[in-house]
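Report on the structure given below.
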Amino acid sequence: MPVSTLNNSIISYCDFFNKLCKHPNNTDIQVSLESVKKYYNRYKDNKSLISEIQHYYDKLKTEQSYDILLSFEEYEQLWAYIHLMIEVIEGKTINLWERIRSFSDMNAFQNGMARLWSNGHKTVYTIIL
């Protein structure tokens with residue numbers, strides 16, 4: 001299982017999103033996007049997972065030097081989890097995967113990423129997806 005810090009996971013998700021925006025019809029990107037959506041739909045209905053995300057976010061707010069290690073089997077799984085984390089932090093559903101994107105969703109996405117970003121490298125949590 002690969003392991004990544006939260007900061008590196010955010011960078012990876014942004015790279016994927018950038019490729020999606022630049023090459024929306026690329027077959028490989030579309031396959032990855034469908035997999036991300038599958039994981040996201042599974043995660044968003046899991047109330048205990050939502051509570052866990054809120055708990056970790058509350059910890060990150062109080063100590064900006066903490067980072068989280070994420071253990072995952074597929075990058076799409078990781079990206080779906082990051083996307084859900086951003087939605088939980090922002091308190092809204094953020095639709096960036098469809099052709100029509102709103103400025104407010106993009107702002108919420110950027111704000112959520114900024115709130116998750118760690119200033120240091122002290123790792124105190126490991127999340128296994």
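In the structure tokens, each chain is lettered A, B, ... as it comes, each chain's residues begin at 1, and ligands are numbered from 1 in order of appearance.
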Each residue of range 70-101 of chain A lying at most 8 Å from range 39-51 of chain A should get a row with its shortest atom-to-atom pair and the distance in Å to one decimal, counting only C-alpha atoms; could you produce that, ordered by chain and increasing number, as a Markdown table?
| residue | atom | partner | partner_atom | distance |
| --- | --- | --- | --- | --- |
| A:Glu76 | CA | A:Tyr39 | CA | 7.4 |
| A:Gln77 | CA | A:Tyr39 | CA | 5.8 |
| A:Ala80 | CA | A:Tyr40 | CA | 4.8 |
| A:Tyr81 | CA | A:Tyr40 | CA | 6.8 |
| A:His83 | CA | A:Tyr40 | CA | 7.8 |
| A:Leu84 | CA | A:Lys44 | CA | 6.8 |
| A:Val88 | CA | A:Ile50 | CA | 7.1 |
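Residues in contact with range 101-110 of chain A at up to 10 Å, not including ones fewer than 2 positions away on its chain and judged by only C-alpha atoms, are His83, Ile86, Glu87, Ile89, Glu90, Gly91, Lys92, Thr93, Ile94, Asn95, Leu96, Trp97, Glu98, Arg99, Gly112, Met113, Ala114 and Arg115 of chain A.
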Write the residues you've just listed into a file as a PDB file, in the first residue's frame, and include C-alpha atoms for each of them.
ATOM      1  CA  HIS A  83     -12.312  15.823  -2.093  1.00  0.00           C
ATOM      2  CA  ILE A  86     -12.560  19.598   1.478  1.00  0.00           C
ATOM      3  CA  GLU A  87     -16.354  19.362   1.302  1.00  0.00           C
ATOM      4  CA  ILE A  89     -14.408  21.541   5.884  1.00  0.00           C
ATOM      5  CA  GLU A  90     -16.317  23.898   3.596  1.00  0.00           C
ATOM      6  CA  GLY A  91     -19.710  22.522   4.615  1.00  0.00           C
ATOM      7  CA  LYS A  92     -20.958  22.136   1.053  1.00  0.00           C
ATOM      8  CA  THR A  93     -20.970  19.835  -1.930  1.00  0.00           C
ATOM      9  CA  ILE A  94     -18.362  20.984  -4.419  1.00  0.00           C
ATOM     10  CA  ASN A  95     -19.033  20.002  -8.020  1.00  0.00           C
ATOM     11  CA  LEU A  96     -15.783  20.283  -9.961  1.00  0.00           C
ATOM     12  CA  TRP A  97     -15.954  17.092 -11.978  1.00  0.00           C
ATOM     13  CA  GLU A  98     -18.695  18.067 -14.410  1.00  0.00           C
ATOM     14  CA  ARG A  99     -18.363  20.310 -17.456  1.00  0.00           C
ATOM     15  CA  GLY A 112     -10.640  23.860   1.808  1.00  0.00           C
ATOM     16  CA  MET A 113      -7.227  22.862   0.474  1.00  0.00           C
ATOM     17  CA  ALA A 114      -5.611  25.813   2.239  1.00  0.00           C
ATOM     18  CA  ARG A 115      -7.221  24.796   5.525  1.00  0.00           C
TER      19      ARG A 115
END
*If we count only C-alpha atoms, what is near Ile29 in chain A at a cut-off of 12 Å, once residues fewer than 3 positions away on the same chain are taken out, given as a ChimeraX atom specification?*
/A:15-26,32-36,76,97
Just N, CA, C and O atoms for this one: save the residues we selected as an mmCIF file, in the first residue's frame.
data_model
loop_
_atom_site.group_PDB
_atom_site.id
_atom_site.type_symbol
_atom_site.label_atom_id
_atom_site.label_comp_id
_atom_site.auth_asym_id
_atom_site.auth_seq_id
_atom_site.Cartn_x
_atom_site.Cartn_y
_atom_site.Cartn_z
ATOM 1 N N ASP A 15 -2.908 17.894 -9.313
ATOM 2 C CA ASP A 15 -2.340 17.471 -10.600
ATOM 3 C C ASP A 15 -3.382 16.721 -11.431
ATOM 4 O O ASP A 15 -3.517 16.960 -12.633
ATOM 5 N N PHE A 16 -4.124 15.832 -10.778
ATOM 6 C CA PHE A 16 -5.176 15.107 -11.478
ATOM 7 C C PHE A 16 -6.250 16.076 -11.991
ATOM 8 O O PHE A 16 -6.664 15.999 -13.148
ATOM 9 N N PHE A 17 -6.666 16.994 -11.140
ATOM 10 C CA PHE A 17 -7.705 17.950 -11.524
ATOM 11 C C PHE A 17 -7.229 18.826 -12.691
ATOM 12 O O PHE A 17 -7.985 19.115 -13.615
ATOM 13 N N ASN A 18 -5.972 19.220 -12.661
ATOM 14 C CA ASN A 18 -5.393 20.013 -13.743
ATOM 15 C C ASN A 18 -5.431 19.240 -15.069
ATOM 16 O O ASN A 18 -5.802 19.787 -16.113
ATOM 17 N N LYS A 19 -5.075 17.963 -15.032
ATOM 18 C CA LYS A 19 -5.131 17.128 -16.237
ATOM 19 C C LYS A 19 -6.571 16.989 -16.731
ATOM 20 O O LYS A 19 -6.828 17.019 -17.933
ATOM 21 N N LEU A 20 -7.503 16.846 -15.793
ATOM 22 C CA LEU A 20 -8.912 16.736 -16.155
ATOM 23 C C LEU A 20 -9.392 17.995 -16.874
ATOM 24 O O LEU A 20 -10.109 17.910 -17.875
ATOM 25 N N CYS A 21 -8.979 19.159 -16.388
ATOM 26 C CA CYS A 21 -9.385 20.427 -17.004
ATOM 27 C C CYS A 21 -8.759 20.607 -18.388
ATOM 28 O O CYS A 21 -9.408 21.106 -19.303
ATOM 29 N N LYS A 22 -7.506 20.213 -18.527
ATOM 30 C CA LYS A 22 -6.796 20.402 -19.795
ATOM 31 C C LYS A 22 -7.161 19.368 -20.847
ATOM 32 O O LYS A 22 -7.125 19.655 -22.044
ATOM 33 N N HIS A 23 -7.488 18.153 -20.407
ATOM 34 C CA HIS A 23 -7.757 17.053 -21.348
ATOM 35 C C HIS A 23 -9.008 16.286 -20.910
ATOM 36 O O HIS A 23 -8.926 15.086 -20.584
ATOM 37 N N PRO A 24 -10.147 16.946 -20.904
ATOM 38 C CA PRO A 24 -11.354 16.306 -20.365
ATOM 39 C C PRO A 24 -11.812 15.065 -21.131
ATOM 40 O O PRO A 24 -12.519 14.232 -20.572
ATOM 41 N N ASN A 25 -11.419 14.915 -22.362
ATOM 42 C CA ASN A 25 -11.865 13.778 -23.157
ATOM 43 C C ASN A 25 -10.855 12.640 -23.211
ATOM 44 O O ASN A 25 -11.099 11.634 -23.878
ATOM 45 N N ASN A 26 -9.747 12.781 -22.510
ATOM 46 C CA ASN A 26 -8.739 11.729 -22.477
ATOM 47 C C ASN A 26 -9.329 10.488 -21.805
ATOM 48 O O ASN A 26 -9.879 10.559 -20.705
ATOM 49 N N SER A 32 -10.128 7.252 -14.679
ATOM 50 C CA SER A 32 -9.766 7.647 -13.315
ATOM 51 C C SER A 32 -10.890 8.447 -12.664
ATOM 52 O O SER A 32 -11.217 8.234 -11.491
ATOM 53 N N LEU A 33 -11.485 9.361 -13.414
ATOM 54 C CA LEU A 33 -12.571 10.176 -12.875
ATOM 55 C C LEU A 33 -13.753 9.308 -12.455
ATOM 56 O O LEU A 33 -14.330 9.529 -11.378
ATOM 57 N N GLU A 34 -14.100 8.336 -13.250
ATOM 58 C CA GLU A 34 -15.214 7.446 -12.881
ATOM 59 C C GLU A 34 -14.887 6.672 -11.611
ATOM 60 O O GLU A 34 -15.754 6.452 -10.765
ATOM 61 N N SER A 35 -13.639 6.279 -11.468
ATOM 62 C CA SER A 35 -13.221 5.583 -10.250
ATOM 63 C C SER A 35 -13.271 6.520 -9.038
ATOM 64 O O SER A 35 -13.717 6.136 -7.957
ATOM 65 N N VAL A 36 -12.829 7.772 -9.211
ATOM 66 C CA VAL A 36 -12.909 8.761 -8.131
ATOM 67 C C VAL A 36 -14.360 8.939 -7.703
ATOM 68 O O VAL A 36 -14.675 8.945 -6.503
ATOM 69 N N GLU A 76 -7.112 7.058 -7.039
ATOM 70 C CA GLU A 76 -8.493 7.524 -7.134
ATOM 71 C C GLU A 76 -9.191 7.474 -5.777
ATOM 72 O O GLU A 76 -9.996 8.341 -5.444
ATOM 73 N N TRP A 97 -16.241 18.159 -11.037
ATOM 74 C CA TRP A 97 -15.954 17.092 -11.978
ATOM 75 C C TRP A 97 -16.815 17.145 -13.236
ATOM 76 O O TRP A 97 -16.561 16.422 -14.180
#
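Looking only at chain A, the set that DSSP places in strand (DSSP E or B) from backbone geometry is Val3, Ser4, Thr5, Tyr66, Asp67, Ile68, Leu69, Leu70, Ser71, Lys122, Thr123, Val124, Tyr125, Thr126, Ile127 and Ile128 of chain A.
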Please dump the current selection as a PDB file, in the first residue's frame; keep N, CA, C and O atoms.
ATOM      1  N   VAL A   3       1.832   5.097   0.760  1.00  0.00           N
ATOM      2  CA  VAL A   3       1.546   6.013   1.857  1.00  0.00           C
ATOM      3  C   VAL A   3       1.967   7.404   1.405  1.00  0.00           C
ATOM      4  O   VAL A   3       3.000   7.576   0.770  1.00  0.00           O
ATOM      5  N   SER A   4       1.148   8.397   1.739  1.00  0.00           N
ATOM      6  CA  SER A   4       1.444   9.771   1.340  1.00  0.00           C
ATOM      7  C   SER A   4       1.031  10.716   2.460  1.00  0.00           C
ATOM      8  O   SER A   4       0.062  10.461   3.166  1.00  0.00           O
ATOM      9  N   THR A   5       1.762  11.808   2.597  1.00  0.00           N
ATOM     10  CA  THR A   5       1.339  12.830   3.547  1.00  0.00           C
ATOM     11  C   THR A   5       0.122  13.557   2.971  1.00  0.00           C
ATOM     12  O   THR A   5      -0.131  13.513   1.767  1.00  0.00           O
ATOM     13  N   TYR A  66       0.922  19.706  12.390  1.00  0.00           N
ATOM     14  CA  TYR A  66       0.618  18.288  12.214  1.00  0.00           C
ATOM     15  C   TYR A  66       0.329  17.985  10.755  1.00  0.00           C
ATOM     16  O   TYR A  66      -0.198  18.800  10.021  1.00  0.00           O
ATOM     17  N   ASP A  67       0.689  16.817  10.362  1.00  0.00           N
ATOM     18  CA  ASP A  67       0.347  16.329   9.038  1.00  0.00           C
ATOM     19  C   ASP A  67      -0.251  14.942   9.222  1.00  0.00           C
ATOM     20  O   ASP A  67      -0.079  14.309  10.261  1.00  0.00           O
ATOM     21  N   ILE A  68      -0.949  14.483   8.229  1.00  0.00           N
ATOM     22  CA  ILE A  68      -1.601  13.184   8.280  1.00  0.00           C
ATOM     23  C   ILE A  68      -0.976  12.293   7.220  1.00  0.00           C
ATOM     24  O   ILE A  68      -0.734  12.726   6.095  1.00  0.00           O
ATOM     25  N   LEU A  69      -0.712  11.055   7.586  1.00  0.00           N
ATOM     26  CA  LEU A  69      -0.291  10.059   6.603  1.00  0.00           C
ATOM     27  C   LEU A  69      -1.536   9.337   6.123  1.00  0.00           C
ATOM     28  O   LEU A  69      -2.376   8.932   6.920  1.00  0.00           O
ATOM     29  N   LEU A  70      -1.647   9.187   4.814  1.00  0.00           N
ATOM     30  CA  LEU A  70      -2.778   8.487   4.218  1.00  0.00           C
ATOM     31  C   LEU A  70      -2.261   7.235   3.523  1.00  0.00           C
ATOM     32  O   LEU A  70      -1.358   7.313   2.681  1.00  0.00           O
ATOM     33  N   SER A  71      -2.805   6.106   3.867  1.00  0.00           N
ATOM     34  CA  SER A  71      -2.423   4.841   3.261  1.00  0.00           C
ATOM     35  C   SER A  71      -3.571   4.408   2.344  1.00  0.00           C
ATOM     36  O   SER A  71      -4.722   4.379   2.761  1.00  0.00           O
ATOM     37  N   LYS A 122       5.424  17.301  11.354  1.00  0.00           N
ATOM     38  CA  LYS A 122       5.203  16.397  12.470  1.00  0.00           C
ATOM     39  C   LYS A 122       3.951  15.576  12.163  1.00  0.00           C
ATOM     40  O   LYS A 122       2.852  16.094  12.113  1.00  0.00           O
ATOM     41  N   THR A 123       4.132  14.301  11.933  1.00  0.00           N
ATOM     42  CA  THR A 123       3.011  13.445  11.567  1.00  0.00           C
ATOM     43  C   THR A 123       2.480  12.766  12.828  1.00  0.00           C
ATOM     44  O   THR A 123       3.236  12.124  13.557  1.00  0.00           O
ATOM     45  N   VAL A 124       1.189  12.927  13.047  1.00  0.00           N
ATOM     46  CA  VAL A 124       0.614  12.350  14.245  1.00  0.00           C
ATOM     47  C   VAL A 124      -0.543  11.411  13.963  1.00  0.00           C
ATOM     48  O   VAL A 124      -0.970  10.685  14.851  1.00  0.00           O
ATOM     49  N   TYR A 125      -1.050  11.407  12.767  1.00  0.00           N
ATOM     50  CA  TYR A 125      -2.197  10.562  12.445  1.00  0.00           C
ATOM     51  C   TYR A 125      -1.897   9.751  11.194  1.00  0.00           C
ATOM     52  O   TYR A 125      -1.242  10.240  10.279  1.00  0.00           O
ATOM     53  N   THR A 126      -2.402   8.549  11.144  1.00  0.00           N
ATOM     54  CA  THR A 126      -2.347   7.748   9.938  1.00  0.00           C
ATOM     55  C   THR A 126      -3.753   7.279   9.625  1.00  0.00           C
ATOM     56  O   THR A 126      -4.412   6.703  10.483  1.00  0.00           O
ATOM     57  N   ILE A 127      -4.210   7.555   8.410  1.00  0.00           N
ATOM     58  CA  ILE A 127      -5.535   7.117   7.977  1.00  0.00           C
ATOM     59  C   ILE A 127      -5.330   6.045   6.934  1.00  0.00           C
ATOM     60  O   ILE A 127      -4.639   6.240   5.937  1.00  0.00           O
ATOM     61  N   ILE A 128      -5.937   4.899   7.151  1.00  0.00           N
ATOM     62  CA  ILE A 128      -5.855   3.796   6.197  1.00  0.00           C
ATOM     63  C   ILE A 128      -7.179   3.749   5.447  1.00  0.00           C
ATOM     64  O   ILE A 128      -8.231   3.575   6.041  1.00  0.00           O
TER      65      ILE A 128
END
*Which residues come within 9 Å of Ser9 in chain A, counting only C-alpha atoms, excluding same-chain residues fewer than 3 positions away, as a list of chain:residue names?*
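What passes the distance filter is A:Ser4, A:Thr5, A:Leu6, A:Ser12, A:Tyr13, A:Cys14, A:Leu70, A:Tyr75, A:Leu78, A:Trp79, A:Ile82.
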Export of prior selection with N, CA and C atoms as a PDB file, in the first residue's frame:
ATOM      1  N   SER A   4       1.148   8.397   1.739  1.00  0.00           N
ATOM      2  CA  SER A   4       1.444   9.771   1.340  1.00  0.00           C
ATOM      3  C   SER A   4       1.031  10.716   2.460  1.00  0.00           C
ATOM      4  N   THR A   5       1.762  11.808   2.597  1.00  0.00           N
ATOM      5  CA  THR A   5       1.339  12.830   3.547  1.00  0.00           C
ATOM      6  C   THR A   5       0.122  13.557   2.971  1.00  0.00           C
ATOM      7  N   LEU A   6      -0.604  14.237   3.822  1.00  0.00           N
ATOM      8  CA  LEU A   6      -1.765  14.995   3.361  1.00  0.00           C
ATOM      9  C   LEU A   6      -1.347  16.057   2.350  1.00  0.00           C
ATOM     10  N   SER A  12      -1.104  15.859  -5.400  1.00  0.00           N
ATOM     11  CA  SER A  12      -1.458  14.808  -6.351  1.00  0.00           C
ATOM     12  C   SER A  12      -2.869  15.014  -6.893  1.00  0.00           C
ATOM     13  N   TYR A  13      -3.809  15.363  -6.005  1.00  0.00           N
ATOM     14  CA  TYR A  13      -5.185  15.591  -6.438  1.00  0.00           C
ATOM     15  C   TYR A  13      -5.262  16.812  -7.359  1.00  0.00           C
ATOM     16  N   CYS A  14      -4.536  17.855  -7.038  1.00  0.00           N
ATOM     17  CA  CYS A  14      -4.522  19.050  -7.890  1.00  0.00           C
ATOM     18  C   CYS A  14      -3.940  18.731  -9.268  1.00  0.00           C
ATOM     19  N   LEU A  70      -1.647   9.187   4.814  1.00  0.00           N
ATOM     20  CA  LEU A  70      -2.778   8.487   4.218  1.00  0.00           C
ATOM     21  C   LEU A  70      -2.261   7.235   3.523  1.00  0.00           C
ATOM     22  N   TYR A  75      -4.818   5.678  -6.306  1.00  0.00           N
ATOM     23  CA  TYR A  75      -4.829   7.135  -6.229  1.00  0.00           C
ATOM     24  C   TYR A  75      -6.249   7.687  -6.274  1.00  0.00           C
ATOM     25  N   LEU A  78      -7.657   7.845  -2.904  1.00  0.00           N
ATOM     26  CA  LEU A  78      -7.065   8.967  -2.177  1.00  0.00           C
ATOM     27  C   LEU A  78      -7.708  10.290  -2.591  1.00  0.00           C
ATOM     28  N   TRP A  79      -7.877  10.503  -3.885  1.00  0.00           N
ATOM     29  CA  TRP A  79      -8.429  11.766  -4.372  1.00  0.00           C
ATOM     30  C   TRP A  79      -9.884  11.939  -3.944  1.00  0.00           C
ATOM     31  N   ILE A  82      -9.731  13.037  -0.289  1.00  0.00           N
ATOM     32  CA  ILE A  82      -9.316  14.442  -0.197  1.00  0.00           C
ATOM     33  C   ILE A  82     -10.482  15.353  -0.579  1.00  0.00           C
TER      34      ILE A  82
END
_Quick check for you: according to DSSP on this backbone, which residues of range 5-128 of chain A are classed as alpha helix (DSSP H)? Reply as a ChimeraX atom specification._
/A:6-22,27-44,47-62,75-90,103-116
Once you have the residues from the selection above, write them out as a tab-separated table (two decimals), in the first residue's frame, restricted to C-alpha atoms.
chain	number	residue	atom	x	y	z
A	6	LEU	CA	-1.77	15.00	3.36
A	7	ASN	CA	0.23	17.78	1.68
A	8	ASN	CA	1.53	15.42	-1.02
A	9	SER	CA	-1.95	13.98	-1.44
A	10	ILE	CA	-3.37	17.46	-2.05
A	11	ILE	CA	-0.68	18.13	-4.66
A	12	SER	CA	-1.46	14.81	-6.35
A	13	TYR	CA	-5.18	15.59	-6.44
A	14	CYS	CA	-4.52	19.05	-7.89
A	15	ASP	CA	-2.34	17.47	-10.60
A	16	PHE	CA	-5.18	15.11	-11.48
A	17	PHE	CA	-7.70	17.95	-11.52
A	18	ASN	CA	-5.39	20.01	-13.74
A	19	LYS	CA	-5.13	17.13	-16.24
A	20	LEU	CA	-8.91	16.74	-16.16
A	21	CYS	CA	-9.39	20.43	-17.00
A	22	LYS	CA	-6.80	20.40	-19.80
A	27	THR	CA	-9.81	8.12	-21.97
A	28	ASP	CA	-7.37	7.39	-19.12
A	29	ILE	CA	-8.41	10.53	-17.26
A	30	GLN	CA	-12.10	9.67	-17.71
A	31	VAL	CA	-11.50	6.15	-16.35
A	32	SER	CA	-9.77	7.65	-13.31
A	33	LEU	CA	-12.57	10.18	-12.88
A	34	GLU	CA	-15.21	7.45	-12.88
A	35	SER	CA	-13.22	5.58	-10.25
A	36	VAL	CA	-12.91	8.76	-8.13
A	37	LYS	CA	-16.68	9.26	-8.36
A	38	LYS	CA	-17.27	5.63	-7.32
A	39	TYR	CA	-15.13	6.01	-4.21
A	40	TYR	CA	-16.55	9.44	-3.43
A	41	ASN	CA	-20.14	8.15	-3.57
A	42	ARG	CA	-19.20	5.31	-1.23
A	43	TYR	CA	-17.45	7.67	1.19
A	44	LYS	CA	-20.00	10.50	1.29
A	47	LYS	CA	-21.53	8.98	8.55
A	48	SER	CA	-18.70	7.61	10.69
A	49	LEU	CA	-16.18	8.59	8.01
A	50	ILE	CA	-17.61	12.12	7.92
A	51	SER	CA	-17.27	12.32	11.73
A	52	GLU	CA	-13.70	11.04	11.48
A	53	ILE	CA	-12.83	13.70	8.91
A	54	GLN	CA	-14.31	16.42	11.13
A	55	HIS	CA	-12.35	15.08	14.10
A	56	TYR	CA	-9.06	15.13	12.18
A	57	TYR	CA	-9.80	18.59	10.84
A	58	ASP	CA	-10.50	19.90	14.35
A	59	LYS	CA	-7.09	18.54	15.41
A	60	LEU	CA	-5.39	20.13	12.38
A	61	LYS	CA	-6.97	23.52	13.18
A	62	THR	CA	-5.47	23.56	16.63
A	75	TYR	CA	-4.83	7.14	-6.23
A	76	GLU	CA	-8.49	7.52	-7.13
A	77	GLN	CA	-9.38	6.35	-3.64
A	78	LEU	CA	-7.06	8.97	-2.18
A	79	TRP	CA	-8.43	11.77	-4.37
A	80	ALA	CA	-12.03	10.94	-3.46
A	81	TYR	CA	-11.11	11.10	0.23
A	82	ILE	CA	-9.32	14.44	-0.20
A	83	HIS	CA	-12.31	15.82	-2.09
A	84	LEU	CA	-14.65	14.73	0.70
A	85	MET	CA	-12.34	16.27	3.30
A	86	ILE	CA	-12.56	19.60	1.48
A	87	GLU	CA	-16.35	19.36	1.30
A	88	VAL	CA	-16.63	18.58	5.02
A	89	ILE	CA	-14.41	21.54	5.88
A	90	GLU	CA	-16.32	23.90	3.60
A	103	PHE	CA	-16.73	30.15	-9.29
A	104	SER	CA	-18.11	29.53	-5.81
A	105	ASP	CA	-17.21	25.82	-6.01
A	106	MET	CA	-13.68	26.67	-7.13
A	107	ASN	CA	-13.31	29.16	-4.25
A	108	ALA	CA	-14.57	26.58	-1.73
A	109	PHE	CA	-12.18	23.99	-3.16
A	110	GLN	CA	-9.20	26.33	-2.83
A	111	ASN	CA	-10.20	27.45	0.67
A	112	GLY	CA	-10.64	23.86	1.81
A	113	MET	CA	-7.23	22.86	0.47
A	114	ALA	CA	-5.61	25.81	2.24
A	115	ARG	CA	-7.22	24.80	5.52
A	116	LEU	CA	-5.90	21.25	5.20
